[in-house]
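Everything below concerns the one structure shown next.
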Amino acid sequence: MGINSHKKSRMKIVSNWFKSLAVVAVAACAAIGTVKEARGDTVAFSWEGKESIEIYVPPPDLGNSNLCPEFLEPEIRAIADRVGGNWGIMITSLNDGATLYSYNPDRLLIPASNVKILTAAAALQRLDPSTSIRSTSLRKWVEVTLLRSNNNYADVLLSYLGGSTAARQTLSELGVNPGGFRMVDGSGLSRQNVATPRAIIQTLDAMKFARGRDIFFDSLPVAGVSGTLRNRLKQTPAQKMVFAKTGTLRGVRALSGYMEHPEYDTLIFSIIVNQPSKAGYTLVKGIDDIVLAMSNLSRCQ
């Protein structure tokens, strides 16, 4: 190879290196605030007032990486530590009752609208399926209570089944530890309501086989599809896999229900966080990240 050819080859390598460096530098600059406009898979970026150029940005990681069971615990703990606050988490298998993960499962926390799980479960045991409430069928009443998270419907439902004492007794007969919750209303609006993740898991586990199970399950919001979960977990592996009740109060977020997992069949989970110093979005993001970790769980065999 002649001197000129060698120089051209070297210049080509250096040129390619600088192009790669430029992409990294531009992406870094875009990350610190010089992005003018983001559109889908491109970002419009300008430097010192010059004409903007478009740079391809890979889509966000939507949770498509398999997660072996031994890494589930550190993954969830990292998410909880990032958000901070008081967490209670429990994940079990419906098939064999095995606990896949637990963190403060017996801590009494404000569950917000997850109280509606207790209310609906008790009502479906206590009331005859043919019962009408204010000219509305029990099925429809439970659906509005869970799917739409209607507080008035939940409070009326509790009164129809006989109040908190009757609900406590009924849930106890289902196998729910009465020391694991306190209900002062049917909706979860009161901050005097408390529940443990384990008590909610016990309720969800019982309702897979108890009377009214079809009404109960069909009334739960579906991730990315319906109810209070219609705008969450869209275009992720968890979409259409999760059937769960949300919970929302200031400084409180909760999500409890079922996941139809491709490798673990039906998982039951309850996630509650009480963290008044963080924005609601941050709490929801933490919960959804945990759900995504669950959806990515693989036996890795």
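As shown in the structure tokens, the chain order sets the letters A, B, ...; within each chain, residues go from 1, and ligands are also counted from 1 in the order they appear.
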Quick one: pick out all strand (DSSP E or B) residues within segment 69-263 of chain A from a backbone DSSP run and write them as JSON, numbers by chain.
{"A": [86, 87, 88, 89, 90, 91, 92, 93, 99, 100, 101, 102, 103, 109, 132, 133, 136, 137, 181, 182, 194, 195, 222, 242, 243, 244, 245, 246, 247, 248, 249, 252, 253, 254, 255, 256, 257, 258, 259, 260, 261]}
Residue list (alpha helix (DSSP H), DSSP) for segment 88-292 of chain A, as a ChimeraX atom specification:
/A:115-126,138-147,151-161,164-173,197-207,213-218,280-292
Please identify all polymer residues within 12 Å of segment 74-85 of chain A, counting only C-alpha atoms, omitting same-chain residues fewer than 3 positions from it, and present them as a PyMOL selection string.
chain A and resi 67-71+88-91+100-104+109+251-253+271-294+296-297
Provide the atom CA of Leu146 of chain A to atom CA of Ala98 of chain A distance in Å, to one decimal place.
26.7 Å
Calculate how many Å separate atom CA of Ala195 of chain A from atom CA of Leu174 of chain A, rounding to one decimal.
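Straight-line distance from atom CA of Ala195 of chain A to atom CA of Leu174 of chain A works out to 16.0 Å.
The space between atom CA of Arg211 of chain A and atom CA of Leu94 of chain A spans 17.1 Å.
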Pick out the closest residue to Leu138 of chain A from this set: A:Ser187, A:Gly212, A:Ser226, A:Gly179. Count only C-alpha atoms.
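Using only C-alpha atoms, the shortest distance to Leu138 of chain A belongs to A:Gly212.
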